[in-house]
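Visitor: What follows is structure_28.cif; its format and atoms are mmCIF, C-alpha atoms.
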```cif
data_entry
#
loop_
_atom_site.label_atom_id
_atom_site.label_comp_id
_atom_site.auth_asym_id
_atom_site.auth_seq_id
_atom_site.Cartn_x
_atom_site.Cartn_y
_atom_site.Cartn_z
CA MET A 1180 -90.95 21.65 -44.13
CA THR A 1181 -92.93 22.70 -47.18
CA ASP A 1182 -94.48 26.11 -47.36
CA LEU A 1183 -98.01 24.73 -47.52
CA ALA A 1184 -97.55 22.50 -44.44
CA ASN A 1185 -96.13 25.44 -42.53
CA LYS A 1186 -99.03 27.68 -43.44
CA VAL A 1187 -101.60 25.03 -42.51
CA LEU A 1188 -99.98 24.62 -39.08
CA LYS A 1189 -100.04 28.37 -38.59
CA GLY A 1190 -103.78 28.43 -39.25
CA ASP A 1191 -103.78 29.86 -42.78
CA ARG A 1192 -107.30 29.12 -44.05
CA LEU A 1193 -106.53 29.41 -47.76
CA ALA A 1194 -103.60 26.99 -47.40
CA LEU A 1195 -105.85 24.49 -45.60
CA SER A 1196 -108.49 24.87 -48.29
CA ARG A 1197 -105.93 24.34 -51.10
CA LEU A 1198 -104.48 21.29 -49.39
CA ILE A 1199 -107.95 19.72 -49.13
CA THR A 1200 -108.37 20.25 -52.88
CA HIS A 1201 -105.01 18.50 -53.46
CA ILE A 1202 -106.22 15.60 -51.32
CA GLU A 1203 -109.52 15.40 -53.22
CA ASN A 1204 -107.75 15.40 -56.57
CA ASP A 1205 -105.07 13.01 -55.33
CA PHE A 1206 -102.22 15.30 -56.38
CA GLN A 1207 -98.87 13.55 -56.09
CA ASP A 1208 -97.24 15.94 -53.65
CA HIS A 1209 -99.89 15.77 -50.96
CA HIS A 1210 -98.38 12.70 -49.27
CA THR A 1211 -95.17 14.59 -48.51
CA ILE A 1212 -97.20 17.37 -46.91
CA LEU A 1213 -99.22 14.87 -44.87
CA ASP A 1214 -95.93 13.31 -43.69
CA GLN A 1215 -95.06 16.64 -42.16
CA LEU A 1216 -98.48 17.30 -40.68
CA PHE A 1217 -99.05 13.85 -39.19
CA PRO A 1218 -97.01 14.42 -35.98
CA HIS A 1219 -99.37 17.30 -35.21
CA THR A 1220 -102.51 15.15 -35.37
CA GLY A 1221 -104.33 12.86 -32.94
CA LYS A 1222 -105.87 15.53 -30.75
CA ALA A 1223 -109.21 16.19 -32.42
CA HIS A 1224 -112.49 14.59 -31.37
CA ILE A 1225 -113.93 13.23 -34.61
CA ILE A 1226 -117.73 13.07 -34.58
CA GLY A 1227 -119.74 11.43 -37.34
CA VAL A 1228 -123.32 12.43 -38.05
CA THR A 1229 -125.30 10.02 -40.20
CA GLY A 1230 -128.90 9.08 -40.91
CA PRO A 1231 -131.50 8.95 -43.68
CA SER A 1232 -132.00 11.81 -46.15
CA GLY A 1233 -134.34 14.40 -44.73
CA SER A 1234 -133.83 13.40 -41.08
CA GLY A 1235 -132.31 16.84 -40.47
CA LYS A 1236 -128.58 16.11 -40.29
CA SER A 1237 -127.39 19.44 -41.67
CA THR A 1238 -129.73 21.49 -39.51
CA LEU A 1239 -128.65 19.47 -36.48
CA VAL A 1240 -124.96 19.94 -37.29
CA ASN A 1241 -125.67 23.66 -37.56
CA ARG A 1242 -127.21 23.72 -34.07
CA LEU A 1243 -124.64 21.42 -32.50
CA ALA A 1244 -121.69 23.37 -33.90
CA LEU A 1245 -123.19 26.67 -32.71
CA ASN A 1246 -123.60 25.16 -29.26
CA MET A 1247 -120.08 23.74 -29.15
CA VAL A 1248 -118.38 26.81 -30.53
CA GLY A 1249 -119.51 28.55 -27.40
CA GLY A 1250 -122.11 30.87 -28.90
CA LYS A 1251 -124.07 33.12 -26.64
CA ASN A 1252 -123.44 32.79 -22.89
CA ARG A 1253 -121.12 29.83 -23.10
CA LYS A 1254 -117.76 29.57 -21.43
CA SER A 1255 -115.83 26.96 -23.35
CA SER A 1256 -114.99 27.71 -26.93
CA HIS A 1257 -113.75 25.24 -29.51
CA LYS A 1258 -112.51 25.49 -33.05
CA ILE A 1259 -114.71 23.29 -35.19
CA GLY A 1260 -114.08 21.80 -38.61
CA ILE A 1261 -117.04 20.47 -40.56
CA ILE A 1262 -116.89 18.09 -43.53
CA ALA A 1263 -120.28 17.83 -45.24
CA VAL A 1264 -120.57 15.08 -47.83
CA ASP A 1265 -123.23 15.04 -50.54
CA PRO A 1266 -123.58 12.51 -53.36
CA THR A 1267 -121.95 12.78 -56.77
CA SER A 1268 -124.30 12.18 -59.69
CA PRO A 1269 -123.46 8.79 -61.21
CA PHE A 1270 -124.43 10.13 -64.62
CA SER A 1271 -122.73 13.50 -64.97
CA GLY A 1272 -120.02 13.16 -62.31
CA GLY A 1273 -121.18 16.52 -61.01
CA ALA A 1274 -122.65 17.27 -57.61
CA LEU A 1275 -124.91 19.82 -56.00
CA LEU A 1276 -123.50 20.43 -52.54
CA GLY A 1277 -126.29 22.06 -50.55
CA ASP A 1278 -125.44 21.49 -46.89
CA ARG A 1279 -124.37 25.10 -46.48
CA VAL A 1280 -127.97 26.21 -46.99
CA ARG A 1281 -128.79 24.78 -43.54
CA MET A 1282 -125.54 25.94 -41.99
CA ARG A 1283 -125.87 29.62 -42.77
CA ASP A 1284 -125.56 30.58 -39.07
CA LEU A 1285 -122.03 29.18 -39.14
CA THR A 1286 -120.78 30.94 -42.26
CA GLY A 1287 -118.32 33.67 -41.43
CA ASN A 1288 -117.76 32.43 -37.85
CA PRO A 1289 -113.98 32.65 -37.37
CA ASP A 1290 -113.91 29.46 -35.25
CA ILE A 1291 -115.68 27.32 -37.82
CA PHE A 1292 -114.40 25.93 -41.11
CA ILE A 1293 -116.88 24.15 -43.39
CA ARG A 1294 -115.88 22.07 -46.37
CA SER A 1295 -118.51 20.60 -48.66
CA MET A 1296 -117.37 17.43 -50.35
CA ALA A 1297 -118.79 15.31 -53.16
CA SER A 1298 -118.75 11.54 -52.59
CA ARG A 1299 -117.11 11.00 -56.03
CA GLY A 1300 -118.31 7.46 -56.37
CA ALA A 1301 -117.33 6.17 -52.92
CA LEU A 1302 -119.99 3.82 -51.61
CA GLY A 1303 -119.68 3.93 -47.82
CA GLY A 1304 -121.56 7.20 -47.30
CA ILE A 1305 -118.46 9.39 -47.20
CA ALA A 1306 -115.84 10.44 -49.76
CA ARG A 1307 -112.35 8.93 -50.11
CA ALA A 1308 -110.81 12.25 -49.18
CA VAL A 1309 -112.64 12.50 -45.83
CA ASP A 1310 -109.96 10.56 -43.91
CA ASN A 1311 -107.11 12.81 -44.89
CA THR A 1312 -109.20 15.97 -44.73
CA ALA A 1313 -109.98 15.19 -41.08
CA LEU A 1314 -106.25 14.63 -40.57
CA VAL A 1315 -105.26 18.04 -41.90
CA MET A 1316 -108.05 19.81 -40.01
CA ASP A 1317 -106.72 18.11 -36.87
CA ALA A 1318 -103.21 19.37 -37.66
CA ALA A 1319 -104.59 22.86 -38.32
CA GLY A 1320 -105.81 22.96 -34.73
CA PHE A 1321 -109.50 22.12 -35.01
CA GLU A 1322 -110.42 20.42 -31.74
CA ILE A 1323 -113.73 19.06 -32.94
CA ILE A 1324 -114.35 17.67 -36.41
CA LEU A 1325 -117.93 17.02 -37.43
CA ILE A 1326 -118.40 14.77 -40.45
CA GLU A 1327 -121.85 14.70 -42.02
CA THR A 1328 -122.38 11.71 -44.32
CA VAL A 1329 -124.63 11.50 -47.35
CA GLY A 1330 -128.20 10.42 -46.61
CA ALA A 1331 -127.59 6.91 -45.33
CA GLY A 1332 -129.68 3.78 -45.08
CA GLN A 1333 -128.34 0.40 -44.24
CA SER A 1334 -124.88 -0.11 -45.62
CA GLU A 1335 -123.28 3.31 -45.30
CA VAL A 1336 -121.41 2.42 -42.13
CA GLU A 1337 -117.96 3.62 -43.14
CA ILE A 1338 -118.28 6.61 -40.81
CA ALA A 1339 -118.02 4.41 -37.72
CA ARG A 1340 -114.52 3.36 -38.75
CA LEU A 1341 -113.49 6.98 -38.94
CA ALA A 1342 -115.23 8.68 -36.04
CA HIS A 1343 -114.63 8.47 -32.31
CA THR A 1344 -118.31 9.19 -31.73
CA THR A 1345 -121.04 8.29 -34.21
CA ILE A 1346 -124.38 10.06 -33.98
CA VAL A 1347 -127.22 8.41 -35.90
CA VAL A 1348 -130.08 10.78 -36.62
CA GLU A 1349 -133.58 9.40 -37.11
CA ALA A 1350 -136.82 11.28 -37.58
CA PRO A 1351 -140.41 10.36 -36.70
CA GLY A 1352 -142.77 9.34 -39.44
CA LEU A 1353 -140.26 7.35 -41.45
CA GLY A 1354 -142.27 4.36 -40.26
CA ASP A 1355 -140.97 1.20 -41.77
CA ASP A 1356 -137.61 2.80 -42.37
CA ILE A 1357 -136.99 2.43 -38.66
CA GLN A 1358 -137.62 -1.26 -38.98
CA ALA A 1359 -135.37 -1.49 -41.98
CA ALA A 1360 -132.63 0.49 -40.33
CA LYS A 1361 -132.48 -1.87 -37.38
CA ALA A 1362 -130.03 -4.13 -39.14
CA GLY A 1363 -128.00 -1.25 -40.52
CA ILE A 1364 -126.78 2.07 -39.32
CA LEU A 1365 -128.45 1.88 -35.90
CA GLU A 1366 -125.82 -0.66 -34.94
CA ILE A 1367 -123.00 1.82 -35.35
CA ALA A 1368 -124.61 4.49 -33.15
CA ASP A 1369 -122.84 5.72 -30.04
CA VAL A 1370 -125.61 8.27 -29.69
CA LEU A 1371 -129.08 7.97 -31.20
CA VAL A 1372 -130.99 11.14 -31.99
CA VAL A 1373 -134.69 11.38 -32.71
CA ASN A 1374 -134.82 14.71 -34.49
CA LYS A 1375 -137.94 16.76 -35.25
CA SER A 1376 -139.17 16.24 -31.68
CA ASP A 1377 -141.62 19.06 -32.33
CA LYS A 1378 -143.65 16.46 -34.22
CA ALA A 1379 -146.19 14.41 -32.30
CA ALA A 1380 -144.88 11.03 -33.44
CA ALA A 1381 -141.39 11.65 -32.01
CA ASP A 1382 -142.15 10.03 -28.63
CA GLY A 1383 -143.26 6.82 -30.29
CA THR A 1384 -140.13 6.70 -32.43
CA ALA A 1385 -137.93 7.25 -29.37
CA GLN A 1386 -139.75 4.41 -27.55
CA THR A 1387 -139.28 2.04 -30.49
CA LEU A 1388 -135.57 2.81 -30.63
CA LYS A 1389 -135.13 2.40 -26.88
CA ALA A 1390 -136.84 -0.99 -26.98
CA MET A 1391 -134.62 -2.04 -29.86
CA LEU A 1392 -131.50 -0.95 -27.95
CA ALA A 1393 -132.59 -2.78 -24.81
CA ALA A 1394 -132.95 -5.99 -26.79
CA GLY A 1395 -129.49 -5.46 -28.21
CA GLU A 1396 -128.01 -4.90 -24.76
CA GLU A 1397 -129.30 -8.25 -23.54
CA LEU A 1398 -127.73 -10.06 -26.45
CA ARG A 1399 -124.45 -8.22 -26.09
CA ALA A 1400 -124.26 -9.05 -22.40
CA GLN A 1401 -123.90 -12.69 -23.47
CA SER A 1402 -121.09 -12.06 -25.96
CA ASP A 1403 -117.65 -10.50 -25.66
CA ASP A 1404 -118.30 -7.60 -27.99
CA ASN A 1405 -115.87 -5.05 -26.68
CA LEU A 1406 -116.74 -2.29 -29.13
CA HIS A 1407 -119.50 -0.79 -27.02
CA THR A 1408 -118.35 -2.00 -23.62
CA ASN A 1409 -120.20 -0.36 -20.78
CA TRP A 1410 -121.49 2.45 -22.90
CA GLN A 1411 -125.27 2.70 -22.84
CA VAL A 1412 -126.34 4.24 -26.15
CA PRO A 1413 -128.53 7.18 -25.18
CA VAL A 1414 -131.59 8.20 -27.18
CA ILE A 1415 -131.84 11.99 -27.34
CA LYS A 1416 -134.82 13.90 -28.64
CA THR A 1417 -133.93 17.09 -30.45
CA SER A 1418 -135.61 19.70 -32.54
CA ALA A 1419 -133.02 21.24 -34.80
CA LEU A 1420 -135.78 23.64 -35.80
CA ASN A 1421 -136.30 25.30 -32.41
CA GLY A 1422 -133.18 24.14 -30.60
CA ASP A 1423 -134.77 21.76 -28.07
CA GLY A 1424 -132.47 19.03 -26.81
CA ILE A 1425 -129.29 20.43 -28.37
CA ASP A 1426 -127.75 21.09 -24.94
CA ASP A 1427 -128.46 17.47 -23.99
CA LEU A 1428 -126.91 16.22 -27.22
CA ALA A 1429 -123.76 18.30 -26.75
CA ALA A 1430 -123.46 17.03 -23.17
CA VAL A 1431 -123.84 13.38 -24.22
CA VAL A 1432 -121.27 13.74 -27.01
CA ASN A 1433 -118.88 15.22 -24.50
CA ALA A 1434 -119.60 12.42 -22.03
CA HIS A 1435 -118.83 9.87 -24.74
CA ARG A 1436 -115.48 11.48 -25.36
CA THR A 1437 -114.67 11.32 -21.64
CA PHE A 1438 -115.85 7.69 -21.56
CA LEU A 1439 -113.55 6.78 -24.46
CA GLN A 1440 -110.56 8.56 -23.00
CA GLU A 1441 -110.92 7.26 -19.45
CA GLY A 1442 -111.70 3.68 -20.44
CA GLY A 1443 -108.77 3.50 -22.87
CA GLU A 1444 -111.05 3.01 -25.82
CA TRP A 1445 -109.94 6.26 -27.44
CA LYS A 1446 -106.59 4.64 -28.12
CA ILE A 1447 -108.16 1.37 -29.26
CA ARG A 1448 -110.44 3.11 -31.76
CA SER A 1449 -107.69 5.40 -33.03
CA THR A 1450 -105.37 2.45 -33.52
CA ALA A 1451 -108.02 0.41 -35.31
CA ARG A 1452 -108.63 3.31 -37.62
CA LEU A 1453 -104.94 3.73 -38.39
CA ARG A 1454 -104.60 0.01 -39.02
CA ALA A 1455 -107.36 0.17 -41.62
CA LEU A 1456 -105.66 3.17 -43.16
CA LEU A 1457 -102.30 1.36 -43.30
CA GLU A 1458 -103.85 -1.70 -44.93
CA CYS A 1459 -105.51 0.47 -47.49
CA LEU A 1460 -102.27 2.30 -48.25
CA VAL A 1461 -100.31 -0.93 -48.56
CA ARG A 1462 -102.88 -2.24 -51.03
CA ASP A 1463 -102.76 0.96 -53.07
CA SER A 1464 -98.95 1.16 -53.07
CA LEU A 1465 -98.49 -2.47 -54.08
CA TYR A 1466 -100.90 -1.97 -56.93
CA ASP A 1467 -99.25 1.29 -57.99
CA ALA A 1468 -95.83 -0.40 -57.96
CA TRP A 1469 -97.14 -3.22 -60.13
CA ASN A 1470 -99.11 -0.95 -62.45
CA VAL A 1471 -96.32 -0.13 -64.94
CA PRO A 1472 -96.72 -0.32 -68.74
CA ALA A 1473 -94.79 -3.60 -69.06
CA ASN A 1474 -97.16 -5.31 -66.63
CA GLN A 1475 -100.16 -3.83 -68.37
CA VAL A 1476 -98.95 -5.46 -71.60
CA LYS A 1477 -98.56 -8.80 -69.82
CA MET A 1478 -102.05 -8.51 -68.43
CA GLN A 1479 -103.46 -7.75 -71.86
CA LYS A 1480 -101.93 -10.98 -73.17
CA ILE A 1481 -103.16 -13.09 -70.29
CA LEU A 1482 -106.60 -11.54 -70.57
CA TRP A 1483 -107.04 -13.34 -73.90
CA LEU A 1484 -106.40 -16.68 -72.27
CA VAL A 1485 -108.86 -15.86 -69.49
CA ALA A 1486 -111.46 -14.57 -71.94
CA ASN A 1487 -111.18 -17.87 -73.86
CA HIS A 1488 -111.52 -19.75 -70.58
CA THR A 1489 -108.22 -21.56 -71.22
CA CYS A 1490 -106.61 -20.09 -68.10
CA SER A 1491 -108.36 -19.24 -64.83
CA PRO A 1492 -108.17 -15.74 -63.36
CA PHE A 1493 -106.48 -17.18 -60.27
CA GLN A 1494 -103.73 -18.91 -62.28
CA SER A 1495 -103.33 -15.67 -64.29
CA VAL A 1496 -102.70 -13.58 -61.21
CA ARG A 1497 -100.13 -16.08 -59.95
CA ASP A 1498 -98.38 -15.80 -63.33
CA LEU A 1499 -98.61 -12.02 -63.37
CA LEU A 1500 -97.05 -11.64 -59.96
CA LYS A 1501 -94.18 -14.07 -60.59
CA MET B 283 -107.78 11.87 -60.83
CA GLU B 284 -108.87 14.76 -63.04
CA LYS B 285 -109.34 18.16 -61.48
CA LYS B 286 -113.04 18.88 -60.95
CA ILE B 287 -114.34 22.39 -61.44
CA ARG B 288 -115.70 23.68 -58.13
CA ILE B 289 -118.09 26.58 -58.27
CA LEU B 290 -120.03 28.58 -55.69
CA ILE B 291 -123.51 29.82 -56.58
CA ALA B 292 -124.65 32.50 -54.18
CA LYS B 293 -127.45 34.97 -53.78
CA PRO B 294 -126.28 38.15 -52.10
CA GLY B 295 -128.71 40.77 -50.90
CA LEU B 296 -132.31 40.68 -49.86
CA ASP B 297 -134.41 39.53 -52.79
CA GLY B 298 -136.04 36.17 -52.30
CA HIS B 299 -136.13 34.81 -55.82
CA ASP B 300 -133.67 31.96 -56.22
CA ARG B 301 -135.15 30.09 -59.15
CA GLY B 302 -132.53 31.43 -61.55
CA ALA B 303 -129.71 30.50 -59.20
CA LYS B 304 -131.11 26.98 -58.77
CA VAL B 305 -131.49 26.45 -62.52
CA ILE B 306 -127.87 27.50 -63.11
CA ALA B 307 -126.67 25.33 -60.22
CA ARG B 308 -128.44 22.34 -61.68
CA ALA B 309 -127.12 22.97 -65.21
CA LEU B 310 -123.53 23.19 -63.93
CA ARG B 311 -124.00 20.00 -61.92
CA ASP B 312 -125.29 18.23 -65.01
CA ALA B 313 -122.18 19.45 -66.82
CA GLY B 314 -120.09 17.47 -64.32
CA MET B 315 -119.08 20.28 -61.98
CA GLU B 316 -119.21 20.40 -58.21
CA VAL B 317 -121.60 23.19 -57.30
CA ILE B 318 -121.77 24.59 -53.79
CA TYR B 319 -125.11 26.26 -53.26
CA THR B 320 -125.46 28.58 -50.28
CA GLY B 321 -129.08 29.67 -50.36
CA LEU B 322 -130.70 33.05 -49.96
CA ARG B 323 -129.71 36.34 -48.34
CA GLN B 324 -125.95 36.03 -48.14
CA THR B 325 -123.75 38.96 -47.23
CA PRO B 326 -120.60 39.56 -49.31
CA GLU B 327 -118.62 38.49 -46.22
CA MET B 328 -120.46 35.15 -46.05
CA ILE B 329 -119.88 34.57 -49.77
CA ALA B 330 -116.16 35.32 -49.56
CA SER B 331 -115.79 33.12 -46.50
CA ALA B 332 -117.54 30.21 -48.26
CA ALA B 333 -115.45 30.71 -51.42
CA LEU B 334 -112.28 30.51 -49.32
CA GLN B 335 -113.23 27.39 -47.37
CA GLU B 336 -114.48 25.61 -50.47
CA ASP B 337 -111.46 26.60 -52.60
CA VAL B 338 -113.69 27.29 -55.60
CA ASP B 339 -112.56 28.11 -59.12
CA ALA B 340 -115.54 30.35 -59.79
CA VAL B 341 -118.26 32.30 -58.03
CA GLY B 342 -121.64 32.97 -59.65
CA LEU B 343 -123.74 35.72 -58.10
CA SER B 344 -127.46 35.98 -58.76
CA ILE B 345 -128.91 39.41 -58.03
CA LEU B 346 -132.39 40.64 -58.88
CA SER B 347 -132.71 43.42 -56.32
CA GLY B 348 -130.83 46.14 -58.17
CA ALA B 349 -128.13 46.30 -55.50
CA HIS B 350 -125.46 44.82 -57.78
CA MET B 351 -123.29 47.95 -57.94
CA THR B 352 -122.89 47.81 -54.16
CA LEU B 353 -122.70 44.04 -53.62
CA VAL B 354 -120.52 42.86 -56.50
CA PRO B 355 -117.54 45.22 -55.95
CA ARG B 356 -117.62 44.25 -52.27
CA VAL B 357 -117.44 40.53 -53.09
CA LEU B 358 -114.58 41.15 -55.54
CA LYS B 359 -112.65 43.12 -52.94
CA LEU B 360 -113.08 40.49 -50.23
CA LEU B 361 -112.00 37.69 -52.59
CA LYS B 362 -108.89 39.69 -53.40
CA ASP B 363 -108.16 40.39 -49.73
CA ASN B 364 -108.32 36.64 -49.09
CA GLY B 365 -105.79 35.92 -51.83
CA GLN B 366 -108.39 34.57 -54.23
CA ASP B 367 -108.07 37.09 -57.04
CA SER B 368 -107.75 34.29 -59.57
CA VAL B 369 -111.34 33.19 -58.95
CA TRP B 370 -113.64 34.04 -61.90
CA VAL B 371 -116.73 35.92 -60.86
CA PHE B 372 -119.84 36.07 -63.00
CA VAL B 373 -123.15 37.77 -62.33
CA GLY B 374 -126.68 36.89 -63.39
CA GLY B 375 -129.85 38.89 -62.97
CA ILE B 376 -131.42 42.12 -64.08
CA ILE B 377 -128.35 44.22 -64.80
CA PRO B 378 -128.64 47.37 -66.99
CA GLU B 379 -126.10 47.45 -69.84
CA LYS B 380 -124.16 50.39 -68.47
CA ASP B 381 -123.78 48.69 -65.08
CA GLY B 382 -122.75 45.49 -66.82
CA LYS B 383 -119.91 47.33 -68.54
CA ALA B 384 -118.83 48.92 -65.28
CA LEU B 385 -118.78 45.51 -63.59
CA SER B 386 -116.71 44.00 -66.42
CA LYS B 387 -114.18 46.79 -65.93
CA ILE B 388 -113.63 45.93 -62.28
CA GLY B 389 -113.07 42.27 -63.01
CA VAL B 390 -116.40 40.47 -63.48
CA ARG B 391 -115.91 37.81 -66.17
CA ALA B 392 -119.44 37.76 -67.54
CA VAL B 393 -122.84 39.29 -66.94
CA TYR B 394 -125.91 37.23 -67.87
CA GLY B 395 -129.33 38.77 -68.35
CA PRO B 396 -132.75 37.11 -68.50
CA GLY B 397 -133.06 34.55 -71.29
CA THR B 398 -129.38 33.50 -71.26
CA SER B 399 -129.10 29.83 -72.18
CA THR B 400 -127.58 27.58 -69.52
CA THR B 401 -125.41 26.04 -72.25
CA ARG B 402 -123.68 29.38 -72.69
CA VAL B 403 -122.92 29.67 -68.99
CA VAL B 404 -121.54 26.12 -68.90
CA GLU B 405 -119.35 26.79 -71.96
CA ASP B 406 -118.03 30.03 -70.47
CA VAL B 407 -117.09 28.35 -67.19
CA ARG B 408 -115.39 25.50 -69.07
CA ALA B 409 -113.47 27.99 -71.21
CA ALA B 410 -112.35 29.90 -68.13
CA ALA B 411 -111.22 26.63 -66.51
CA ALA B 412 -109.16 25.71 -69.56
CA GLU B 413 -107.17 28.96 -69.39
#
```
Render the structure in this file as structure tokens.
Guide:
Amino acid sequence: MTDLANKVLKGDRLALSRLITHIENDFQDHHTILDQLFPHTGKAHIIGVTGPSGSGKSTLVNRLALNMVGGKNRKSSHKIGIIAVDPTSPFSGGALLGDRVRMRDLTGNPDIFIRSMASRGALGGIARAVDNTALVMDAAGFEIILIETVGAGQSEVEIARLAHTTIVVEAPGLGDDIQAAKAGILEIADVLVVNKSDKAAADGTAQTLKAMLAAGEELRAQSDDNLHTNWQVPVIKTSALNGDGIDDLAAVVNAHRTFLQEGGEWKIRSTARLRALLECLVRDSLYDAWNVPANQVKMQKILWLVANHTCSPFQSVRDLLK
Amino acid sequence: MEKKIRILIAKPGLDGHDRGAKVIARALRDAGMEVIYTGLRQTPEMIASAALQEDVDAVGLSILSGAHMTLVPRVLKLLKDNGQDSVWVFVGGIIPEKDGKALSKIGVRAVYGPGTSTTRVVEDVRAAAAE
């Protein structure tokens, strides 16, 4: 076993941190290390937190993690890994990763490891490296992994593929955004949170969401959608500002985990996730195997024919792969 | 994929003026770097812990309170204890010349006073990364 893999398994924080950097930069040797770590994974409860910008995701993650880590007066204690994704600037390629500003209560807590991550051009609301980062945190013994997506609207649903439990955070006063979101990220919620419950409009927002869910339930009852079988999506009101509702949220997240494990859906979701990962890896490897200089030269030649519209792209690919 | 420069911008101590830190953070972002910003009133322990978890190449400390001779050596020591002695540390703020020299001696890469151009900071970080 490599030195780095060994250190990660033993809980060395610097080794974990370095390995995540290797994953982000796609260094060649990181696959060998992941080979060795993989048998030690599969135990962590992966929780996604998504929602529009400004709905209070980071502040909520701060509260939830404090609650789960067994802060004051709590019996159970967990080790928690947090992956906080913020967008990369499409112009400079740089990023300002500011989620730690809201998570200052967690900094320095020995049971919590926070990694800020830039999306680096990925479009689904998370970064490419999130998958494997969650894997190595799992191997390093973190029992709960919280993944905070970039501010998400309608199409950033990638998190649902990755997480066992997806929390969608809404806030009152976003008005028409609620309407707009109906067709998007609300559908992936296992738990719906109306944050900023200290604001007067929060009750109305919670009512709207409940009505929307009820309508969805009726439709689902007529189909054989087995993704949400028997799980009633709860709507929880929280105030990340003063801590209201955080106990309820932690309880519901826990209940969802139990529901998944007892109903066998834990395995189904984990397997679906691994299948997607395998498909993605097969695609990448096939391309990498093909992508040698000789083939690049061939493609350059064929490109001329395609550019002159004398050969179709489909025929070209058949020729290239002969 | 190319290696991105990751940099932590932190404000240790008790002063509440973070405009300078935010301007530098923004300039580094616009130069294509990944900047982790931690906000106000960080202890040296919090800064070292963040630097470790984020695996940064550099740490920029903004201090206007006058407590730099206490805070900066503490941050340097903690980074070293964590095995991160290769991280470049630079300091911005109101730092008297004699203190600046003392800080350079104990391992601070650069000290920036008021009026420093952001271009210079960006160039220095790039140069350090190329080493």
Visitor: Apply the PyMOL selection byres ((chain B) within 10 of (chain A)) to the displayed file and report the matching residues as a PyMOL selection string.
Guide: chain B and resi 283-290+304+307-325+327-338+364-366
Visitor: Using the chain letters and numbers from the file, give me the residues hit by the PyMOL selection byres ((chain B and resi 298) around 9), as a list of chain:residue names.
Guide: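 Evaluating the PyMOL selection byres ((chain B and resi 298) around 9) on this file yields B:Lys293, B:Gly295, B:Leu296, B:Asp297, B:His299, B:Asp300, B:Leu322, B:Arg323, B:Leu346, B:Ser347.
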Visitor: Rank nothing, just name the residue among A:Ala1318, A:Leu1388, A:Ala1473, A:Leu1245 nearest to A:Ala1184, using only C-alpha atoms.
Guide: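 Ranking A:Ala1318, A:Leu1388, A:Ala1473, A:Leu1245 by distance to A:Ala1184, first place goes to A:Ala1318.
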Visitor: Let me make sure I understand: among B:Gly348, B:Pro294, B:Pro326, B:Gly389, which one has the smallest atom-to-atom distance to B:Phe372 if we use all atoms listed in the file?
Guide: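 Using all atoms listed in the file, the shortest distance to B:Phe372 belongs to B:Gly389.
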Visitor: By how many Å are atom CA of A:Asp1463 and atom CA of A:Asp1317 apart?
Guide: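 Between these atoms lies a distance of 23.9 Å.
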Visitor: For this file, the PyMOL selection byres ((chain A and resi 1338-1353) around 7) selects which residues, as a VMD selection string?
Guide: chain A and resid 1224 to 1231 1234 1236 1305 1336 to 1337 1354 to 1357 1365 1367 to 1375 1380 to 1381 1384 1448 1452
Visitor: Provide the atom CA of A:Val1476 to atom CA of A:Arg1462 distance in Å, to one decimal place.
Guide: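 Taking atom CA of A:Val1476 as the start and atom CA of A:Arg1462 as the end point, the length is 21.2 Å.
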